[in-house]
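Just target28.pdb here, PDB, C-alpha atoms:
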```
MODEL        1
ATOM      1  CA  MET K1025     -13.058 -42.234  50.116
ATOM      2  CA  PRO K1026     -12.294 -45.949  50.495
ATOM      3  CA  ASP K1027     -10.983 -47.160  53.841
ATOM      4  CA  LYS K1028      -7.222 -47.445  54.147
ATOM      5  CA  GLN K1029      -6.061 -51.016  53.625
ATOM      6  CA  THR K1030      -5.262 -52.821  56.859
ATOM      7  CA  ILE K1031      -1.615 -53.827  57.041
ATOM      8  CA  ILE K1032      -1.202 -57.557  57.630
ATOM      9  CA  GLY K1033       2.265 -58.802  58.554
ATOM     10  CA  ARG K1034       3.495 -62.130  59.797
ATOM     11  CA  PHE K1035       6.288 -64.004  61.515
ATOM     12  CA  ALA K1036       6.903 -67.489  60.159
ATOM     13  CA  PRO K1037       9.609 -69.426  62.020
ATOM     14  CA  SER K1038      10.433 -73.077  61.420
ATOM     15  CA  PRO K1039      10.149 -75.367  64.464
ATOM     16  CA  THR K1040      13.737 -76.597  64.170
ATOM     17  CA  GLY K1041      14.746 -75.436  67.635
ATOM     18  CA  PRO K1042      14.263 -72.555  70.076
ATOM     19  CA  LEU K1043      14.278 -68.951  68.875
ATOM     20  CA  HIS K1044      17.764 -67.439  68.804
ATOM     21  CA  LEU K1045      18.697 -63.766  68.722
ATOM     22  CA  GLY K1046      18.486 -63.514  64.933
ATOM     23  CA  SER K1047      14.978 -64.987  64.915
ATOM     24  CA  LEU K1048      13.749 -62.629  67.629
ATOM     25  CA  TYR K1049      15.348 -59.665  65.884
ATOM     26  CA  THR K1050      13.249 -60.385  62.795
ATOM     27  CA  ALA K1051      10.170 -61.141  64.894
ATOM     28  CA  LEU K1052      10.347 -57.808  66.699
ATOM     29  CA  ALA K1053      10.983 -55.906  63.458
ATOM     30  CA  SER K1054       7.912 -57.433  61.819
ATOM     31  CA  PHE K1055       5.836 -56.907  64.988
ATOM     32  CA  LEU K1056       6.752 -53.208  65.222
ATOM     33  CA  GLN K1057       6.221 -52.670  61.504
ATOM     34  CA  ALA K1058       2.670 -54.025  61.696
ATOM     35  CA  ARG K1059       1.678 -52.516  65.026
ATOM     36  CA  SER K1060       3.070 -49.061  64.163
ATOM     37  CA  GLN K1061       0.507 -48.973  61.342
ATOM     38  CA  GLN K1062      -2.340 -50.339  63.492
ATOM     39  CA  GLY K1063      -2.040 -53.530  61.497
ATOM     40  CA  ARG K1064      -2.439 -57.231  62.233
ATOM     41  CA  TRP K1065       0.506 -59.482  63.073
ATOM     42  CA  LEU K1066       0.088 -63.168  62.316
ATOM     43  CA  LEU K1067       2.064 -66.221  63.385
ATOM     44  CA  ARG K1068       2.673 -69.169  61.085
ATOM     45  CA  LEU K1069       4.783 -72.242  61.764
ATOM     46  CA  ASP K1070       6.665 -73.281  58.637
ATOM     47  CA  ASP K1071       6.813 -76.940  59.575
ATOM     48  CA  LEU K1072       6.842 -78.650  56.176
ATOM     49  CA  ASP K1073      10.483 -79.734  56.278
ATOM     50  CA  THR K1074       9.714 -82.559  58.691
ATOM     51  CA  PRO K1075      13.252 -84.050  58.866
ATOM     52  CA  ARG K1076      14.483 -80.746  60.354
ATOM     53  CA  ASN K1077      11.649 -80.264  62.872
ATOM     54  CA  ARG K1078      12.580 -80.856  66.500
ATOM     55  CA  PRO K1079      10.240 -82.052  69.293
ATOM     56  CA  GLY K1080       9.270 -79.317  71.697
ATOM     57  CA  SER K1081      10.204 -76.504  69.307
ATOM     58  CA  VAL K1082       6.642 -75.310  68.702
ATOM     59  CA  ALA K1083       5.914 -74.995  72.425
ATOM     60  CA  SER K1084       9.262 -73.257  72.938
ATOM     61  CA  ILE K1085       8.586 -70.719  70.159
ATOM     62  CA  LEU K1086       5.086 -69.913  71.409
ATOM     63  CA  ASN K1087       6.277 -69.601  74.991
ATOM     64  CA  THR K1088       9.172 -67.292  74.065
ATOM     65  CA  LEU K1089       6.950 -64.949  72.060
ATOM     66  CA  ASP K1090       4.375 -64.913  74.841
ATOM     67  CA  THR K1091       7.024 -64.212  77.493
ATOM     68  CA  LEU K1092       8.222 -61.204  75.470
ATOM     69  CA  SER K1093       4.610 -60.003  74.963
ATOM     70  CA  LEU K1094       4.905 -60.408  71.205
ATOM     71  CA  HIS K1095       1.273 -61.442  70.968
ATOM     72  CA  TRP K1096      -0.070 -62.454  67.578
ATOM     73  CA  ASP K1097      -3.541 -61.999  66.120
ATOM     74  CA  GLY K1098      -5.838 -64.940  65.439
ATOM     75  CA  GLU K1099      -4.940 -68.617  65.467
ATOM     76  CA  VAL K1100      -1.483 -69.988  64.755
ATOM     77  CA  VAL K1101      -1.346 -71.442  61.239
ATOM     78  CA  TYR K1102       0.646 -74.621  60.551
ATOM     79  CA  GLN K1103       1.843 -75.344  57.034
ATOM     80  CA  SER K1104       1.492 -79.075  57.669
ATOM     81  CA  GLN K1105      -2.284 -78.556  57.874
ATOM     82  CA  GLN K1106      -2.380 -77.049  54.360
ATOM     83  CA  LEU K1107      -1.035 -79.996  52.361
ATOM     84  CA  SER K1108      -4.241 -80.598  50.418
ATOM     85  CA  VAL K1109      -4.385 -76.925  49.423
ATOM     86  CA  TYR K1110      -0.823 -77.010  48.080
ATOM     87  CA  GLN K1111      -1.514 -80.206  46.168
ATOM     88  CA  ASP K1112      -4.688 -78.829  44.589
ATOM     89  CA  ILE K1113      -2.765 -75.826  43.250
ATOM     90  CA  LEU K1114       0.071 -78.056  42.041
ATOM     91  CA  ASN K1115      -2.499 -80.159  40.192
ATOM     92  CA  GLN K1116      -3.845 -77.045  38.474
ATOM     93  CA  LEU K1117      -0.339 -76.062  37.395
ATOM     94  CA  ILE K1118       0.305 -79.590  36.107
ATOM     95  CA  GLN K1119      -2.937 -79.467  34.150
ATOM     96  CA  ASN K1120      -1.886 -76.147  32.624
ATOM     97  CA  GLN K1121       1.545 -77.617  31.756
ATOM     98  CA  TYR K1122       3.539 -75.233  33.938
ATOM     99  CA  LEU K1123       5.267 -78.055  35.837
ATOM    100  CA  TYR K1124       7.447 -80.952  34.801
ATOM    101  CA  ARG K1125       9.157 -83.883  36.506
ATOM    102  CA  CYS K1126      12.886 -83.803  37.243
ATOM    103  CA  ASP K1127      14.987 -86.814  38.266
ATOM    104  CA  CYS K1128      18.315 -85.023  38.703
ATOM    105  CA  SER K1129      20.340 -86.370  41.606
ATOM    106  CA  ARG K1130      21.860 -84.197  44.301
ATOM    107  CA  LYS K1131      25.288 -85.281  43.053
ATOM    108  CA  LEU K1132      24.508 -84.042  39.552
ATOM    109  CA  LEU K1133      23.162 -80.706  40.811
ATOM    110  CA  ALA K1134      26.084 -80.288  43.193
ATOM    111  CA  SER K1135      28.571 -80.451  40.346
ATOM    112  CA  ASP K1136      26.671 -77.949  38.207
ATOM    113  CA  SER K1137      23.662 -75.642  38.464
ATOM    114  CA  TYR K1138      20.430 -76.891  36.923
ATOM    115  CA  SER K1139      20.584 -76.484  33.156
ATOM    116  CA  GLY K1140      17.035 -77.380  32.127
ATOM    117  CA  ARG K1141      18.081 -80.990  31.518
ATOM    118  CA  CYS K1142      14.704 -82.542  32.389
ATOM    119  CA  ARG K1143      12.363 -79.999  30.806
ATOM    120  CA  ASN K1144      11.726 -82.034  27.644
ATOM    121  CA  LEU K1145      12.500 -85.561  28.890
ATOM    122  CA  ASN K1146       8.926 -86.596  29.812
ATOM    123  CA  ILE K1147      10.121 -88.553  32.853
ATOM    124  CA  SER K1148       7.825 -91.333  34.022
ATOM    125  CA  PRO K1149       5.698 -90.591  37.119
ATOM    126  CA  ASP K1150       6.943 -93.936  38.497
ATOM    127  CA  THR K1151      10.509 -92.604  38.618
ATOM    128  CA  PRO K1152      11.452 -90.756  41.840
ATOM    129  CA  HIS K1153      11.228 -87.112  40.850
ATOM    130  CA  ALA K1154      10.885 -83.522  41.947
ATOM    131  CA  LEU K1155       8.512 -81.040  40.313
ATOM    132  CA  ARG K1156       9.946 -77.951  38.651
ATOM    133  CA  ILE K1157       8.107 -74.895  37.387
ATOM    134  CA  LYS K1158       8.845 -73.473  33.959
ATOM    135  CA  THR K1159      10.167 -69.943  34.139
ATOM    136  CA  GLY K1160      11.865 -69.305  30.812
ATOM    137  CA  ILE K1161      13.999 -66.179  30.578
ATOM    138  CA  ARG K1162      12.161 -63.619  32.635
ATOM    139  CA  GLU K1163      13.134 -60.497  34.515
ATOM    140  CA  ILE K1164      11.599 -59.859  37.925
ATOM    141  CA  ALA K1165      11.919 -56.360  39.348
ATOM    142  CA  PHE K1166      10.655 -55.020  42.666
ATOM    143  CA  ASP K1167      11.463 -52.215  45.062
ATOM    144  CA  ASP K1168      12.363 -53.433  48.528
ATOM    145  CA  TYR K1169      11.600 -50.768  51.122
ATOM    146  CA  LEU K1170      14.946 -51.270  52.855
ATOM    147  CA  GLN K1171      17.234 -52.699  50.172
ATOM    148  CA  GLY K1172      16.074 -50.608  47.232
ATOM    149  CA  PRO K1173      15.424 -51.692  43.612
ATOM    150  CA  ILE K1174      16.079 -55.378  42.920
ATOM    151  CA  ASN K1175      16.301 -56.886  39.428
ATOM    152  CA  GLU K1176      16.872 -60.550  38.752
ATOM    153  CA  GLN K1177      16.768 -62.662  35.617
ATOM    154  CA  LEU K1178      15.053 -65.999  36.164
ATOM    155  CA  ASN K1179      17.547 -67.897  34.068
ATOM    156  CA  GLY K1180      20.684 -69.916  34.704
ATOM    157  CA  PRO K1181      20.754 -71.189  38.312
ATOM    158  CA  HIS K1182      17.489 -69.381  39.113
ATOM    159  CA  SER K1183      15.416 -70.888  36.302
ATOM    160  CA  ASP K1184      12.862 -73.702  36.559
ATOM    161  CA  PHE K1185      13.124 -73.951  40.339
ATOM    162  CA  ILE K1186      11.707 -76.817  42.393
ATOM    163  CA  VAL K1187       8.207 -76.520  43.876
ATOM    164  CA  LYS K1188       7.946 -80.074  45.225
ATOM    165  CA  ARG K1189      10.997 -81.991  46.314
ATOM    166  CA  LYS K1190      11.897 -85.531  45.353
ATOM    167  CA  ASP K1191      11.113 -86.664  48.915
ATOM    168  CA  GLY K1192       7.542 -85.388  48.454
ATOM    169  CA  ILE K1193       7.938 -82.277  50.627
ATOM    170  CA  ILE K1194       6.431 -79.066  49.255
ATOM    171  CA  ALA K1195       9.220 -76.551  48.616
ATOM    172  CA  TYR K1196       9.448 -73.411  50.728
ATOM    173  CA  GLN K1197       9.298 -71.166  47.648
ATOM    174  CA  PHE K1198       5.898 -72.559  46.713
ATOM    175  CA  ALA K1199       4.271 -72.982  50.122
ATOM    176  CA  VAL K1200       5.096 -69.491  51.382
ATOM    177  CA  VAL K1201       3.400 -67.857  48.392
ATOM    178  CA  ILE K1202       0.196 -69.835  48.954
ATOM    179  CA  ASP K1203       0.279 -69.201  52.709
ATOM    180  CA  ASP K1204       0.763 -65.449  52.406
ATOM    181  CA  TYR K1205      -2.053 -65.204  49.879
ATOM    182  CA  LEU K1206      -4.478 -67.235  51.988
ATOM    183  CA  GLN K1207      -3.669 -65.138  55.068
ATOM    184  CA  GLN K1208      -3.951 -61.903  53.035
ATOM    185  CA  VAL K1209      -0.461 -60.860  54.080
ATOM    186  CA  ASN K1210       0.395 -57.618  52.303
ATOM    187  CA  GLU K1211       3.655 -56.621  54.012
ATOM    188  CA  ILE K1212       6.521 -59.025  54.653
ATOM    189  CA  VAL K1213       9.412 -58.250  56.993
ATOM    190  CA  ARG K1214      12.132 -60.891  56.937
ATOM    191  CA  GLY K1215      15.908 -61.310  56.809
ATOM    192  CA  CYS K1216      18.154 -60.417  53.894
ATOM    193  CA  ASP K1217      19.154 -64.076  53.623
ATOM    194  CA  LEU K1218      15.782 -64.565  51.876
ATOM    195  CA  LEU K1219      16.221 -61.675  49.450
ATOM    196  CA  THR K1220      17.308 -63.975  46.605
ATOM    197  CA  SER K1221      14.151 -66.059  47.097
ATOM    198  CA  THR K1222      11.850 -63.107  46.546
ATOM    199  CA  PRO K1223      12.017 -62.935  42.699
ATOM    200  CA  LYS K1224      11.023 -66.596  42.523
ATOM    201  CA  GLN K1225       8.101 -65.970  44.851
ATOM    202  CA  ILE K1226       6.999 -62.914  42.893
ATOM    203  CA  TYR K1227       7.100 -65.014  39.722
ATOM    204  CA  LEU K1228       4.748 -67.527  41.358
ATOM    205  CA  GLN K1229       2.482 -64.718  42.559
ATOM    206  CA  GLN K1230       2.248 -63.379  39.015
ATOM    207  CA  LEU K1231       1.607 -66.826  37.568
ATOM    208  CA  LEU K1232      -1.159 -67.555  40.089
ATOM    209  CA  GLY K1233      -2.720 -64.099  39.855
ATOM    210  CA  TYR K1234      -1.897 -63.179  43.445
ATOM    211  CA  PRO K1235      -1.066 -59.621  44.586
ATOM    212  CA  THR K1236       2.569 -58.984  45.494
ATOM    213  CA  PRO K1237       3.116 -57.828  49.089
ATOM    214  CA  ARG K1238       5.473 -55.023  50.023
ATOM    215  CA  TYR K1239       8.835 -56.398  51.146
ATOM    216  CA  LEU K1240      11.210 -55.149  53.836
ATOM    217  CA  HIS K1241      14.338 -57.276  54.090
ATOM    218  CA  VAL K1242      16.095 -56.430  57.346
ATOM    219  CA  PRO K1243      19.818 -57.084  57.839
ATOM    220  CA  VAL K1244      20.717 -60.475  59.291
ATOM    221  CA  ILE K1245      22.606 -60.709  62.569
ATOM    222  CA  ILE K1246      26.103 -62.155  62.224
ATOM    223  CA  ASP K1247      28.427 -63.446  64.917
ATOM    224  CA  HIS K1248      32.019 -62.444  65.662
ATOM    225  CA  ASP K1249      33.257 -64.753  62.890
ATOM    226  CA  GLY K1250      30.948 -63.224  60.290
ATOM    227  CA  TYR K1251      28.455 -66.091  60.173
ATOM    228  CA  LYS K1252      24.691 -65.554  60.213
ATOM    229  CA  LEU K1253      23.083 -66.601  63.483
ATOM    230  CA  SER K1254      21.207 -69.809  62.722
ATOM    231  CA  LYS K1255      20.590 -73.319  63.959
ATOM    232  CA  GLN K1256      23.317 -74.500  61.557
ATOM    233  CA  THR K1257      25.885 -72.245  63.260
ATOM    234  CA  LEU K1258      24.690 -73.460  66.663
ATOM    235  CA  ALA K1259      23.102 -70.162  67.678
ATOM    236  CA  THR K1260      21.822 -70.558  71.221
ATOM    237  CA  ALA K1261      18.340 -69.878  72.543
ATOM    238  CA  VAL K1262      17.764 -66.399  73.947
ATOM    239  CA  ASP K1263      17.626 -66.208  77.734
ATOM    240  CA  THR K1264      14.214 -64.674  78.419
ATOM    241  CA  SER K1265      14.468 -64.694  82.217
ATOM    242  CA  ILE K1266      14.565 -60.870  82.080
ATOM    243  CA  PRO K1267      12.193 -60.123  79.159
ATOM    244  CA  SER K1268      12.637 -56.346  79.320
ATOM    245  CA  ALA K1269      16.400 -56.698  78.855
ATOM    246  CA  VAL K1270      15.818 -58.785  75.724
ATOM    247  CA  ILE K1271      13.443 -56.246  74.196
ATOM    248  CA  PHE K1272      15.729 -53.313  75.046
ATOM    249  CA  GLY K1273      18.711 -55.101  73.476
ATOM    250  CA  LEU K1274      16.719 -55.888  70.338
ATOM    251  CA  LEU K1275      15.620 -52.260  69.996
ATOM    252  CA  VAL K1276      19.292 -51.285  70.119
ATOM    253  CA  LEU K1277      20.163 -53.899  67.488
ATOM    254  CA  LEU K1278      17.347 -52.546  65.332
ATOM    255  CA  LYS K1279      19.047 -49.121  65.544
ATOM    256  CA  GLN K1280      15.990 -47.554  67.192
ATOM    257  CA  GLN K1281      18.136 -45.771  69.816
ATOM    258  CA  PRO K1282      15.930 -46.311  72.873
ATOM    259  CA  PRO K1283      16.803 -43.841  75.665
ATOM    260  CA  LEU K1284      18.892 -45.332  78.471
ATOM    261  CA  GLU K1285      16.210 -44.625  81.061
ATOM    262  CA  LEU K1286      14.043 -47.217  79.312
ATOM    263  CA  LYS K1287      16.398 -49.928  80.580
ATOM    264  CA  ALA K1288      14.320 -49.910  83.777
ATOM    265  CA  ALA K1289      10.992 -50.001  81.899
ATOM    266  CA  SER K1290       8.612 -52.936  81.659
ATOM    267  CA  VAL K1291       8.200 -54.988  78.491
ATOM    268  CA  GLY K1292       4.854 -53.299  77.835
ATOM    269  CA  GLU K1293       6.404 -49.835  78.126
ATOM    270  CA  LEU K1294       9.315 -50.809  75.877
ATOM    271  CA  LEU K1295       7.017 -52.200  73.187
ATOM    272  CA  ALA K1296       4.766 -49.129  73.385
ATOM    273  CA  TRP K1297       7.832 -46.914  72.908
ATOM    274  CA  GLY K1298       9.067 -49.111  70.062
ATOM    275  CA  ILE K1299       5.708 -48.954  68.266
ATOM    276  CA  SER K1300       5.358 -45.183  68.561
ATOM    277  CA  HIS K1301       8.981 -44.495  67.563
ATOM    278  CA  TRP K1302       9.457 -47.261  64.983
ATOM    279  CA  ASN K1303      11.794 -46.101  62.208
ATOM    280  CA  PRO K1304      12.605 -48.929  59.787
ATOM    281  CA  ALA K1305      14.599 -46.512  57.604
ATOM    282  CA  ALA K1306      17.385 -46.763  60.215
ATOM    283  CA  LEU K1307      18.089 -50.224  58.714
ATOM    284  CA  ARG K1308      18.111 -49.082  55.095
ATOM    285  CA  ASN K1309      20.771 -50.432  52.705
ATOM    286  CA  GLN K1310      22.270 -52.798  55.280
ATOM    287  CA  GLN K1311      22.324 -56.542  54.686
ATOM    288  CA  SER K1312      24.037 -57.632  57.902
ATOM    289  CA  LEU K1313      24.717 -56.369  61.417
ATOM    290  CA  ALA K1314      27.470 -57.699  63.649
ATOM    291  CA  ILE K1315      26.960 -58.426  67.331
ATOM    292  CA  VAL K1316      29.086 -56.046  69.326
TER     293      VAL K1316
ENDMDL
END
```
Show this structure as structure tokens.
Amino acid sequence: MPDKQTIIGRFAPSPTGPLHLGSLYTALASFLQARSQQGRWLLRLDDLDTPRNRPGSVASILNTLDTLSLHWDGEVVYQSQQLSVYQDILNQLIQNQYLYRCDCSRKLLASDSYSGRCRNLNISPDTPHALRIKTGIREIAFDDYLQGPINEQLNGPHSDFIVKRKDGIIAYQFAVVIDDYLQQVNEIVRGCDLLTSTPKQIYLQQLLGYPTPRYLHVPVIIDHDGYKLSKQTLATAVDTSIPSAVIFGLLVLLKQQPPLELKAASVGELLAWGISHWNPAALRNQQSLAIV
């Protein structure tokens, strides 16, 4: 019999500030999912969107994860060190006529969703432009372990999406597919806010001949006003002065029902309990969870 495939998961924050509760919630979920299957858990810094990166964020992220004993396997990978790889693959797609230049302004796109305007315009390379990938009318279907069957037509606002922005920055949709393939990631745990991105990424995987990982989209944490915790909503950094309290609280948020006596346990004991009792199905069919 062949050996069982090793599960490889990852956590891929952007260095736009310190980790807030929503970030750590996803980090712990992906950590427990990988470790409960004796898998590897990788760390990648999605640092391509340079205007949003903040000084000191990388050190803060690494320190927070280390303080909470969320230790990753191997070296940290930085997207900014992969630019030549992305460009080589873009060049192949250009050569195979899968990409085209788009000079639509933000104002034009804000007033209406992209309609395929630039697909047949043959815009000059000297004109400031983004690169779009041709999708046509295509249905993408996949079965998310937590959110169930997903079907999306890659047409209308989802068609011909951008893979390289007009400012020269590689688009998230494109980079993440390349990164996950190169790191052999085969199971992705992330927030439901990225669920609508998944069909686009699966389309790219199919086009490039990459395997499609298994997806688990966990509910996002929302505040008392119903907004997702994020840098944009001024979510604050998690106080890690008592690491065990943070881990216990996250296990509760993840609906793992840790016994109250574990409140006095160490971080190592809490993580060991979380790994051995991990039940992702407790989060099934939920797209958001409110802080209580």
Considering all atoms listed in the file, tabulate each residue of segment 1093-1168 of chain K that lies at most 8 Å from segment 1066-1081 of chain K along with its nearest interatomic pair and the corresponding distance in Å to one decimal; arrange the rows by chain and ascending residue number and present them as a Markdown table.
```
| residue | atom | partner | partner_atom | distance |
| --- | --- | --- | --- | --- |
| K:Trp1096 | CA | K:Leu1066 | CA | 5.3 |
| K:Asp1097 | CA | K:Leu1066 | CA | 5.4 |
| K:Gly1098 | CA | K:Leu1066 | CA | 6.9 |
| K:Glu1099 | CA | K:Leu1067 | CA | 7.7 |
| K:Val1100 | CA | K:Leu1067 | CA | 5.4 |
| K:Val1101 | CA | K:Arg1068 | CA | 4.6 |
| K:Tyr1102 | CA | K:Leu1069 | CA | 4.9 |
| K:Gln1103 | CA | K:Asp1070 | CA | 5.5 |
| K:Ser1104 | CA | K:Leu1072 | CA | 5.6 |
```
Could those residues be written to a file, using C-alpha atoms, as a PDB file, in the frame of the given file?
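Below you can see out_16.pdb, which holds the result:
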```pdb
ATOM      1  CA  TRP K1096      -0.070 -62.454  67.578  1.00  0.00           C
ATOM      2  CA  ASP K1097      -3.541 -61.999  66.120  1.00  0.00           C
ATOM      3  CA  GLY K1098      -5.838 -64.940  65.439  1.00  0.00           C
ATOM      4  CA  GLU K1099      -4.940 -68.617  65.467  1.00  0.00           C
ATOM      5  CA  VAL K1100      -1.483 -69.988  64.755  1.00  0.00           C
ATOM      6  CA  VAL K1101      -1.346 -71.442  61.239  1.00  0.00           C
ATOM      7  CA  TYR K1102       0.646 -74.621  60.551  1.00  0.00           C
ATOM      8  CA  GLN K1103       1.843 -75.344  57.034  1.00  0.00           C
ATOM      9  CA  SER K1104       1.492 -79.075  57.669  1.00  0.00           C
TER      10      SER K1104
END
```
Contacts of His1044 of chain K at 6 Å or less, counting all atoms listed in the file, minus same-chain residues fewer than 2 places along, as a ChimeraX atom specification?
/K:1046-1047,1260-1262
Give the answer as one residue: which of K:Leu1294, K:Leu1284, K:Pro1152, K:Ala1195 has the shortest atom-to-atom distance to Val1270 of chain K, using only C-alpha atoms?
K:Leu1294
Interatomic distance, atom CA of Asp1168 of chain K to atom CA of Leu1240 of chain K (Å, one decimal):
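Computed distance, atom CA of Asp1168 of chain K to atom CA of Leu1240 of chain K, equals 5.7 Å.
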Run the PyMOL selection byres ((chain K and resi 1159) around 8) against the file shown and list the residues it catches, as an mmCIF file with C-alpha atoms, keeping the file's coordinate frame.
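Result went into expr.cif, see below:
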```
data_model
loop_
_atom_site.group_PDB
_atom_site.id
_atom_site.type_symbol
_atom_site.label_atom_id
_atom_site.label_comp_id
_atom_site.auth_asym_id
_atom_site.auth_seq_id
_atom_site.Cartn_x
_atom_site.Cartn_y
_atom_site.Cartn_z
ATOM 1 C CA ILE K 1157 8.107 -74.895 37.387
ATOM 2 C CA LYS K 1158 8.845 -73.473 33.959
ATOM 3 C CA GLY K 1160 11.865 -69.305 30.812
ATOM 4 C CA ILE K 1161 13.999 -66.179 30.578
ATOM 5 C CA ARG K 1162 12.161 -63.619 32.635
ATOM 6 C CA LEU K 1178 15.053 -65.999 36.164
ATOM 7 C CA ASN K 1179 17.547 -67.897 34.068
ATOM 8 C CA SER K 1183 15.416 -70.888 36.302
ATOM 9 C CA ASP K 1184 12.862 -73.702 36.559
ATOM 10 C CA PHE K 1185 13.124 -73.951 40.339
#
```
Which one of K:Tyr1234, K:Leu1052, K:Ile1315, K:Ile1031 sits closest to Leu1092 of chain K if you count all atoms listed in the file?
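Distance minimum relative to Leu1092 of chain K lands on K:Leu1052.
If you apply the PyMOL selection byres ((chain K and resi 1278) around 9) to this structure, you end up with K:Tyr1049, K:Leu1052, K:Ala1053, K:Val1242, K:Gly1273, K:Leu1274, K:Leu1275, K:Val1276, K:Leu1277, K:Lys1279, K:Gln1280, K:Gln1281, K:Pro1304, K:Ala1306, K:Leu1307.
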With C-alpha atoms retained, could you export that selection as a compact mmCIF listing (two decimals), in the frame of the given file?
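Here's the written file again-v4.txt:
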```
# COMPACT_ATOMS: atom_id res chain seq x y z
CA TYR K 1049 15.35 -59.66 65.88
CA LEU K 1052 10.35 -57.81 66.70
CA ALA K 1053 10.98 -55.91 63.46
CA VAL K 1242 16.10 -56.43 57.35
CA GLY K 1273 18.71 -55.10 73.48
CA LEU K 1274 16.72 -55.89 70.34
CA LEU K 1275 15.62 -52.26 70.00
CA VAL K 1276 19.29 -51.28 70.12
CA LEU K 1277 20.16 -53.90 67.49
CA LYS K 1279 19.05 -49.12 65.54
CA GLN K 1280 15.99 -47.55 67.19
CA GLN K 1281 18.14 -45.77 69.82
CA PRO K 1304 12.60 -48.93 59.79
CA ALA K 1306 17.39 -46.76 60.22
CA LEU K 1307 18.09 -50.22 58.71
```
How many Å lie between atom CA of Val1244 of chain K and atom CA of Gly1215 of chain K, rounded to one decimal?
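It comes out at 5.5 Å.
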Leu1123 of chain K surroundings by only C-alpha atoms, 10 Å radius, close-in-sequence under 5 positions cut, as a list in words:
Leu1114, Asn1115, Gln1116, Leu1117, Ile1118, Arg1143, Ala1154, Leu1155, Arg1156, Ile1157, Lys1158, Thr1159, Asp1184, Phe1185, Ile1186, Val1187 and Lys1188 of chain K
Need to verify the contact set: Asn1087 of chain K, 10 Å, all atoms listed in the file, exclusion of same-chain residues closer than 6 positions in sequence. Can you return it as a list in words?
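The residues satisfying every condition are Pro1042, Ser1081, Ser1093 and Thr1264 of chain K.
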Within 10 Å of His1301 of chain K, counting all atoms listed in the file, which residues show up once you throw out same-chain ones fewer than 3 positions away? Write them as a list in words, please.
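So, after excluding close chain neighbours, the residues are Leu1056, Ser1060, Gln1280, Gln1281, Pro1282, Leu1295, Ala1296, Trp1297, Gly1298 and Pro1304 of chain K.
Excluding Tyr1205 of chain K and any residue on its chain fewer than 3 positions from it, the residues at most 9 Å away by only C-alpha atoms are Val1200, Val1201, Ile1202, Gln1208, Val1209, Asn1210, Gln1229, Tyr1234, Pro1235 and Thr1236 of chain K.
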Using only C-alpha atoms, please write the residues we just selected to a file, as a PDB file, keeping the file's coordinate frame.
```pdb
ATOM      1  CA  VAL K1200       5.096 -69.491  51.382  1.00  0.00           C
ATOM      2  CA  VAL K1201       3.400 -67.857  48.392  1.00  0.00           C
ATOM      3  CA  ILE K1202       0.196 -69.835  48.954  1.00  0.00           C
ATOM      4  CA  GLN K1208      -3.951 -61.903  53.035  1.00  0.00           C
ATOM      5  CA  VAL K1209      -0.461 -60.860  54.080  1.00  0.00           C
ATOM      6  CA  ASN K1210       0.395 -57.618  52.303  1.00  0.00           C
ATOM      7  CA  GLN K1229       2.482 -64.718  42.559  1.00  0.00           C
ATOM      8  CA  TYR K1234      -1.897 -63.179  43.445  1.00  0.00           C
ATOM      9  CA  PRO K1235      -1.066 -59.621  44.586  1.00  0.00           C
ATOM     10  CA  THR K1236       2.569 -58.984  45.494  1.00  0.00           C
TER      11      THR K1236
END
```
